[in-house]
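Participant: Contents are compact mmCIF, C-alpha atoms and all ligand atoms; file name input-v4.txt:
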```txt
# COMPACT_ATOMS: atom_id res chain seq x y z
CA MET G 1 1.78 16.47 -41.93
CA THR G 2 2.66 19.90 -40.54
CA ASP G 3 6.23 21.20 -40.27
CA ARG G 4 6.09 20.61 -36.56
CA ASP G 5 5.09 16.95 -37.03
CA THR G 6 7.95 16.43 -39.47
CA ARG G 7 10.45 18.05 -37.11
CA HIS G 8 9.17 15.90 -34.25
CA ARG G 9 9.47 12.75 -36.33
CA ASN G 10 13.01 13.58 -37.39
CA SER G 11 14.16 14.33 -33.88
CA MET G 12 12.54 11.15 -32.51
CA GLN G 13 14.27 9.15 -35.24
CA LYS G 14 17.62 10.70 -34.22
CA LEU G 15 16.93 9.93 -30.59
CA LYS G 16 16.01 6.34 -31.43
CA THR G 17 19.26 5.88 -33.37
CA HIS G 18 21.23 7.29 -30.45
CA VAL G 19 19.45 5.11 -27.87
CA ASP G 20 19.78 1.99 -30.06
CA GLU G 21 23.52 2.61 -30.45
CA ARG G 22 23.94 2.96 -26.71
CA ILE G 23 21.93 -0.21 -26.04
CA ALA G 24 24.06 -2.10 -28.58
CA ALA G 25 27.25 -0.80 -26.92
CA ALA G 26 26.15 -2.00 -23.45
CA ASN G 27 27.00 -5.65 -23.84
CA GLU G 28 28.47 -6.52 -20.47
CA GLN G 29 26.37 -8.34 -17.89
CA ARG G 30 27.35 -8.50 -14.24
CA GLY G 31 26.38 -7.37 -10.78
CA LEU G 32 26.92 -3.68 -10.01
CA LEU G 33 28.18 -1.54 -7.20
CA LEU G 34 25.92 1.45 -6.63
CA VAL G 35 26.60 4.30 -4.24
CA PHE G 36 23.83 6.64 -3.07
CA THR G 37 25.47 9.52 -1.26
CA GLY G 38 25.13 13.28 -0.68
CA ASN G 39 23.31 15.37 1.91
CA GLY G 40 19.86 15.36 0.32
CA LYS G 41 16.98 13.08 1.25
CA GLY G 42 16.38 9.88 -0.71
CA LYS G 43 19.40 7.58 -0.31
CA THR G 44 17.82 4.91 1.87
CA THR G 45 14.46 5.30 0.11
CA ALA G 46 16.15 4.60 -3.24
CA ALA G 47 17.89 1.56 -1.77
CA TRP G 48 14.60 0.10 -0.50
CA GLY G 49 13.00 0.88 -3.85
CA THR G 50 15.64 -1.25 -5.54
CA VAL G 51 15.16 -3.98 -2.92
CA THR G 52 11.44 -4.04 -3.79
CA ARG G 53 12.34 -4.23 -7.47
CA ALA G 54 14.64 -7.23 -6.97
CA LEU G 55 12.18 -9.01 -4.68
CA GLY G 56 9.54 -8.46 -7.34
CA TYR G 57 11.41 -10.88 -9.58
CA GLY G 58 11.86 -13.40 -6.78
CA TYR G 59 15.56 -12.68 -6.17
CA ARG G 60 17.13 -13.07 -2.74
CA VAL G 61 18.07 -9.81 -1.04
CA GLY G 62 20.05 -8.94 2.10
CA VAL G 63 19.79 -5.56 3.80
CA VAL G 64 22.29 -4.59 6.48
CA GLN G 65 21.35 -1.49 8.47
CA PHE G 66 24.46 -0.05 10.06
CA ILE G 67 22.88 2.90 11.80
CA LYS G 68 19.33 3.95 12.19
CA GLY G 69 17.97 7.45 12.18
CA GLN G 70 14.82 5.74 13.39
CA TRP G 71 14.18 2.34 14.89
CA GLU G 72 11.12 2.12 12.73
CA CYS G 73 11.32 1.62 9.00
CA GLY G 74 8.13 1.22 6.97
CA GLU G 75 9.73 -0.67 4.09
CA ARG G 76 11.22 -3.23 6.45
CA GLU G 77 7.82 -3.71 8.14
CA ARG G 78 6.16 -4.33 4.81
CA LEU G 79 8.83 -6.41 3.08
CA ALA G 80 9.74 -8.57 6.08
CA GLU G 81 6.92 -10.90 5.04
CA ASP G 82 8.95 -11.85 1.96
CA PRO G 83 10.95 -15.04 2.64
CA ASN G 84 13.56 -13.86 0.09
CA LEU G 85 14.47 -10.85 2.23
CA GLU G 86 16.97 -11.01 5.07
CA VAL G 87 17.56 -7.96 7.25
CA ALA G 88 20.45 -7.56 9.70
CA ILE G 89 20.35 -4.58 12.04
CA MET G 90 23.15 -3.13 14.11
CA ALA G 91 22.45 -3.68 17.77
CA THR G 92 22.76 -0.02 18.81
CA GLY G 93 20.90 3.05 17.61
CA PHE G 94 22.22 6.55 17.11
CA THR G 95 25.93 6.79 17.76
CA TRP G 96 25.38 10.29 19.13
CA GLU G 97 22.99 8.68 21.60
CA THR G 98 25.12 5.78 22.71
CA GLN G 99 28.33 7.85 22.69
CA ASN G 100 30.34 4.76 23.41
CA ARG G 101 33.01 3.92 20.88
CA GLU G 102 33.71 0.53 22.33
CA SER G 103 30.14 -0.81 22.31
CA ASP G 104 29.45 0.82 18.94
CA THR G 105 32.55 -0.77 17.43
CA ARG G 106 31.53 -4.16 18.79
CA ALA G 107 27.98 -3.79 17.42
CA CYS G 108 29.36 -2.69 14.07
CA ARG G 109 31.77 -5.64 13.80
CA GLU G 110 28.94 -8.02 14.64
CA VAL G 111 26.65 -6.75 11.94
CA TRP G 112 29.59 -6.57 9.51
CA GLN G 113 29.97 -10.35 9.93
CA GLN G 114 26.42 -10.69 8.60
CA ALA G 115 27.34 -8.40 5.71
CA GLU G 116 30.43 -10.48 4.91
CA ARG G 117 28.36 -13.66 4.87
CA LEU G 118 25.87 -12.09 2.44
CA LEU G 119 28.73 -10.76 0.28
CA ARG G 120 30.07 -14.30 -0.10
CA ASP G 121 26.75 -15.92 -0.98
CA PRO G 122 26.20 -16.31 -4.73
CA ASP G 123 22.50 -16.94 -4.15
CA VAL G 124 22.06 -13.41 -2.84
CA TYR G 125 21.30 -11.17 -5.81
CA LEU G 126 21.34 -7.82 -4.03
CA VAL G 127 23.01 -6.64 -0.81
CA VAL G 128 22.30 -3.22 0.71
CA LEU G 129 24.85 -1.75 3.11
CA ASP G 130 22.70 1.06 4.49
CA GLU G 131 24.60 3.92 6.20
CA ILE G 132 27.90 2.03 6.12
CA THR G 133 29.74 5.25 5.21
CA TYR G 134 29.38 6.41 8.84
CA MET G 135 31.05 3.22 10.10
CA LEU G 136 34.06 4.04 7.93
CA LYS G 137 34.02 7.68 8.98
CA PHE G 138 33.94 6.86 12.70
CA GLY G 139 36.62 4.20 12.19
CA TYR G 140 34.44 1.32 13.42
CA LEU G 141 35.25 -0.46 10.17
CA ASP G 142 38.25 0.02 7.92
CA ILE G 143 37.96 0.72 4.24
CA ALA G 144 40.42 -2.03 3.24
CA THR G 145 38.19 -4.68 4.83
CA VAL G 146 35.11 -3.36 3.08
CA GLU G 147 36.94 -2.98 -0.25
CA ARG G 148 38.17 -6.56 -0.11
CA ALA G 149 34.71 -7.98 0.65
CA LEU G 150 33.25 -5.96 -2.24
CA ARG G 151 35.94 -7.01 -4.71
CA GLU G 152 35.68 -10.68 -3.78
CA ARG G 153 31.89 -10.85 -3.94
CA PRO G 154 30.18 -13.10 -6.53
CA ALA G 155 30.29 -11.56 -10.01
CA GLU G 156 26.52 -11.57 -10.39
CA GLN G 157 25.84 -9.88 -7.08
CA THR G 158 24.81 -6.21 -6.90
CA VAL G 159 25.63 -4.09 -3.86
CA ILE G 160 24.14 -0.74 -2.85
CA VAL G 161 26.03 1.44 -0.40
CA THR G 162 24.24 4.40 1.17
CA GLY G 163 25.29 7.27 3.40
CA ARG G 164 26.74 10.76 3.32
CA ASN G 165 30.41 11.43 2.52
CA ALA G 166 31.09 8.16 0.72
CA HIS G 167 34.77 7.24 0.73
CA ARG G 168 36.79 8.07 -2.38
CA GLU G 169 37.67 4.35 -2.70
CA LEU G 170 33.98 3.40 -2.78
CA ILE G 171 33.22 6.03 -5.41
CA ASP G 172 36.18 4.87 -7.52
CA MET G 173 35.11 1.24 -7.30
CA ALA G 174 31.42 1.91 -7.99
CA ASP G 175 29.69 1.49 -11.34
CA THR G 176 26.90 3.93 -10.54
CA VAL G 177 27.15 6.84 -8.11
CA THR G 178 24.26 9.16 -7.36
CA GLU G 179 24.66 12.19 -5.18
CA MET G 180 21.42 13.38 -3.59
CA ARG G 181 21.75 17.12 -3.33
CA ASP G 182 20.05 18.96 -0.49
CA VAL G 183 18.13 21.80 -2.13
CA LYS G 184 15.95 22.20 0.95
CA HIS G 185 14.62 20.00 3.69
CA ALA G 186 11.49 20.37 5.82
CA PHE G 187 13.45 19.60 8.98
CA ASP G 188 15.37 22.87 8.61
CA ALA G 189 12.02 24.68 8.77
CA GLY G 190 11.26 22.95 12.06
CA ILE G 191 8.97 20.27 10.62
CA GLN G 192 9.26 16.87 12.28
CA ALA G 193 10.27 13.69 10.45
CA ARG G 194 7.06 12.09 9.24
CA ARG G 195 6.05 8.47 9.74
CA GLY G 196 5.60 6.61 6.48
CA ILE G 197 7.43 9.40 4.61
CA ASP G 198 10.78 9.87 6.34
CA TYR G 199 10.96 6.43 7.95
P1 LIG E 201 15.67 8.71 3.44
O1 LIG E 201 15.77 7.61 4.48
O2 LIG E 201 14.47 9.57 3.68
O3 LIG E 201 15.80 8.21 2.03
P2 LIG E 201 18.44 9.46 3.43
O4 LIG E 201 18.76 8.03 3.58
O5 LIG E 201 18.82 10.13 2.16
O6 LIG E 201 16.90 9.70 3.69
P3 LIG E 201 19.85 9.99 5.91
O7 LIG E 201 21.01 10.90 5.98
O8 LIG E 201 20.06 8.52 6.04
O9 LIG E 201 19.07 10.34 4.56
O10 LIG E 201 18.80 10.53 6.95
C1 LIG E 201 17.92 9.76 7.69
C2 LIG E 201 16.73 10.58 8.13
O11 LIG E 201 16.97 11.97 8.05
C3 LIG E 201 15.49 10.35 7.30
O12 LIG E 201 14.37 10.43 8.16
C4 LIG E 201 15.49 11.49 6.31
O13 LIG E 201 14.20 11.82 5.85
C5 LIG E 201 16.11 12.60 7.10
N1 LIG E 201 16.90 13.48 6.22
C6 LIG E 201 17.47 13.18 5.03
N2 LIG E 201 18.10 14.23 4.50
C7 LIG E 201 17.94 15.25 5.37
C8 LIG E 201 18.35 16.64 5.41
N3 LIG E 201 19.05 17.17 4.41
N4 LIG E 201 18.00 17.37 6.50
C9 LIG E 201 17.29 16.84 7.49
N5 LIG E 201 16.88 15.55 7.54
C10 LIG E 201 17.18 14.76 6.49
MG MG E 202 19.67 6.89 4.94
```
Mind turning the file's structure into structure tokens?
Facilitator:
Amino acid sequence: MTDRDTRHRNSMQKLKTHVDERIAAANEQRGLLLVFTGNGKGKTTAAWGTVTRALGYGYRVGVVQFIKGQWECGERERLAEDPNLEVAIMATGFTWETQNRESDTRACREVWQQAERLLRDPDVYLVVLDEITYMLKFGYLDIATVERALRERPAEQTVIVTGRNAHRELIDMADTVTEMRDVKHAFDAGIQARRGIDY
């Protein structure tokens, strides 16, 4: 064995010890609260990726879409065939298109009822609250209501929250928080959102 091989073996052994220790220390099992926030692209994509993962094991999943950058959504089209997936969509589109606080608030409260039902159902393994942070920001929903529903959910249920500027309370409550950082985005260079890639 060369020196390099020996060094590699030693460092892999150290890494294995470290990883094994961490695995042994992680002994709690329960549903999680994940927050995907930040200005970079990938929050909703990551949420749908996790939905696919859970459906892959035959778990029941609920996705609540609070606002839509696009009416179309490739993942929803594809995964809708799965009887274990339930999708609830807010009845209005862009808030900067509707520009009507009253109808937006009503639409938000309606879809929130669906979310609350999913958050009470112990048979639902994963719930996604896509773009809910905007509902809190615009004041269509209050943080105390959302916090309560999250705290009172079944212990085995995982929830993913997506959207920019996640509330401090959500970040504090969460087990895993990922901030997508905008290094650059094609849109800023005048390139249109692309079907099958951006939505
Ligand atoms: P995606 O749905 O692609 O995972 P996202 O959920 O992280 O993106 P949103 O803020 O929900 O981002 O944006 C919705 C739409 O805007 C998507 O079509 C997405 O590709 C696009 N987008 C995301 N980030 C940016 C950005 N920094 N600049 C311009 N457009 C963006
Ligand atoms: Mg999104």
Participant: List every residue of chain G that has an atom at most 10 Å from any atom of ligand MG 202 (chain E), giving for each one its closest atom pair and the distance in Å to one decimal, counting all atoms listed in the file, sorted by chain and then by ascending residue number, as CSV.
Facilitator:
```
residue,atom,partner,partner_atom,distance
G:Phe36,CA,E:MG202,MG,9.0
G:Thr37,CA,E:MG202,MG,8.9
G:Asn39,CA,E:MG202,MG,9.7
G:Gly40,CA,E:MG202,MG,9.6
G:Lys41,CA,E:MG202,MG,7.7
G:Gly42,CA,E:MG202,MG,7.2
G:Lys43,CA,E:MG202,MG,5.3
G:Thr44,CA,E:MG202,MG,4.1
G:Thr45,CA,E:MG202,MG,7.3
G:Ala46,CA,E:MG202,MG,9.2
G:Ala47,CA,E:MG202,MG,8.8
G:Gln65,CA,E:MG202,MG,9.2
G:Phe66,CA,E:MG202,MG,9.9
G:Ile67,CA,E:MG202,MG,8.6
G:Lys68,CA,E:MG202,MG,7.8
G:Gly69,CA,E:MG202,MG,7.5
G:Gln70,CA,E:MG202,MG,9.8
G:Asp130,CA,E:MG202,MG,6.6
G:Glu131,CA,E:MG202,MG,5.9
G:Ile132,CA,E:MG202,MG,9.6
G:Val161,CA,E:MG202,MG,9.9
G:Thr162,CA,E:MG202,MG,6.4
G:Gly163,CA,E:MG202,MG,5.8
G:Arg164,CA,E:MG202,MG,8.2
G:Asp198,CA,E:MG202,MG,9.5
G:Tyr199,CA,E:MG202,MG,9.2
```
Participant: Point out the residue among G:Glu28, G:Glu86, G:Glu75, G:Asp20 with the least atom-to-atom distance to ligand LIG 201 (chain E), counting only C-alpha atoms and all ligand atoms.
Facilitator: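 Among the listed residues, G:Glu75 lies closest to ligand LIG 201 (chain E).
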Participant: Provide the CA of Gly190 in chain G to atom O10 of ligand LIG 201 (chain E) distance in Å, to one decimal place.
Facilitator: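 So the two atoms, CA of Gly190 in chain G and atom O10 of ligand LIG 201 (chain E), lie 15.4 Å apart.
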Participant: In Å, with one decimal, what is the gap from CA of Ile143 in chain G to CA of Trp112 in chain G?
Facilitator: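 Separation of CA of Ile143 in chain G and CA of Trp112 in chain G: 12.3 Å.
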Participant: Which residue gives the smallest distance to ligand LIG 201 (chain E) among G:Glu72, G:Glu102, G:Glu116, G:Glu110, with all atoms listed in the file counted?
Facilitator: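 The shortest atom-to-atom distance to ligand LIG 201 (chain E) comes from G:Glu72.
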Participant: Please give the centre and size of the box around range 76-90 of chain G (axis-aligned, containing every atom listed in the file, 6 Å added per side), with values in Å to one decimal and written as JSON.
Facilitator:
```
{"center_x": 14.7, "center_y": -9.1, "center_z": 7.1, "size_x": 29.0, "size_y": 23.9, "size_z": 26.0}
```
Participant: Would you mind telling me which residue in G:Leu129, G:Leu55, G:Leu15, G:Val146 lies nearest to ligand LIG 201 (chain E) when using all atoms listed in the file?
Facilitator: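 Of all the options, G:Leu129 lies closest to ligand LIG 201 (chain E).
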Participant: Have a look at G:Ile160, G:Met12, G:Val19, G:Cys73 and name the one nearest to ligand LIG 201 (chain E); count all atoms listed in the file.
Facilitator: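 Checking each candidate against ligand LIG 201 (chain E), we get G:Cys73 as the closest.
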Participant: Using all atoms listed in the file, which residue out of G:Arg76, G:Lys16, G:Arg101, G:Arg106 lies closest to ligand LIG 201 (chain E)?
Facilitator: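 Result for the nearest residue to ligand LIG 201 (chain E): G:Arg76.
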Participant: Closest to ligand LIG 201 (chain E) among G:Ala80, G:Ala166, G:Met173, G:Leu33, using all atoms listed in the file?
Facilitator: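 Of the candidates, the smallest distance to ligand LIG 201 (chain E) is held by G:Ala166.
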Participant: Quick one: everything within 10 Å of Glu147 in chain G, counting only C-alpha atoms, minus sequence neighbours fewer than 4 positions away in the same chain. Send it as a list in words.
Facilitator: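 The contact residues come out as Asp142, Ile143, Arg151, Glu152, Glu169, Leu170 and Met173 of chain G.
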Participant: For range 117-124 of chain G, please output as a PDB file with C-alpha atoms, keeping the file's coordinate frame all residues within 8 Å (counting all atoms listed in the file; exclusion window: fewer than 2 positions along the same chain).
Facilitator:
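Heads up, here's the output in selection15.pdb:
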```
ATOM      1  CA  TYR G  59      15.560 -12.680  -6.170  1.00  0.00           C
ATOM      2  CA  ARG G  60      17.130 -13.070  -2.740  1.00  0.00           C
ATOM      3  CA  VAL G  61      18.070  -9.810  -1.040  1.00  0.00           C
ATOM      4  CA  GLY G  62      20.050  -8.940   2.100  1.00  0.00           C
ATOM      5  CA  GLN G 113      29.970 -10.350   9.930  1.00  0.00           C
ATOM      6  CA  GLN G 114      26.420 -10.690   8.600  1.00  0.00           C
ATOM      7  CA  ALA G 115      27.340  -8.400   5.710  1.00  0.00           C
ATOM      8  CA  LEU G 126      21.340  -7.820  -4.030  1.00  0.00           C
ATOM      9  CA  VAL G 127      23.010  -6.640  -0.810  1.00  0.00           C
ATOM     10  CA  ALA G 149      34.710  -7.980   0.650  1.00  0.00           C
ATOM     11  CA  LEU G 150      33.250  -5.960  -2.240  1.00  0.00           C
ATOM     12  CA  GLU G 152      35.680 -10.680  -3.780  1.00  0.00           C
ATOM     13  CA  ARG G 153      31.890 -10.850  -3.940  1.00  0.00           C
ATOM     14  CA  PRO G 154      30.180 -13.100  -6.530  1.00  0.00           C
ATOM     15  CA  GLU G 156      26.520 -11.570 -10.390  1.00  0.00           C
ATOM     16  CA  GLN G 157      25.840  -9.880  -7.080  1.00  0.00           C
TER      17      GLN G 157
END
```
Participant: Which value, in Å to one decimal, gives the distance between CA of Thr92 in chain G and CA of Val177 in chain G?
Facilitator: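 Spanning CA of Thr92 in chain G to CA of Val177 in chain G is a straight-line distance of 28.1 Å.
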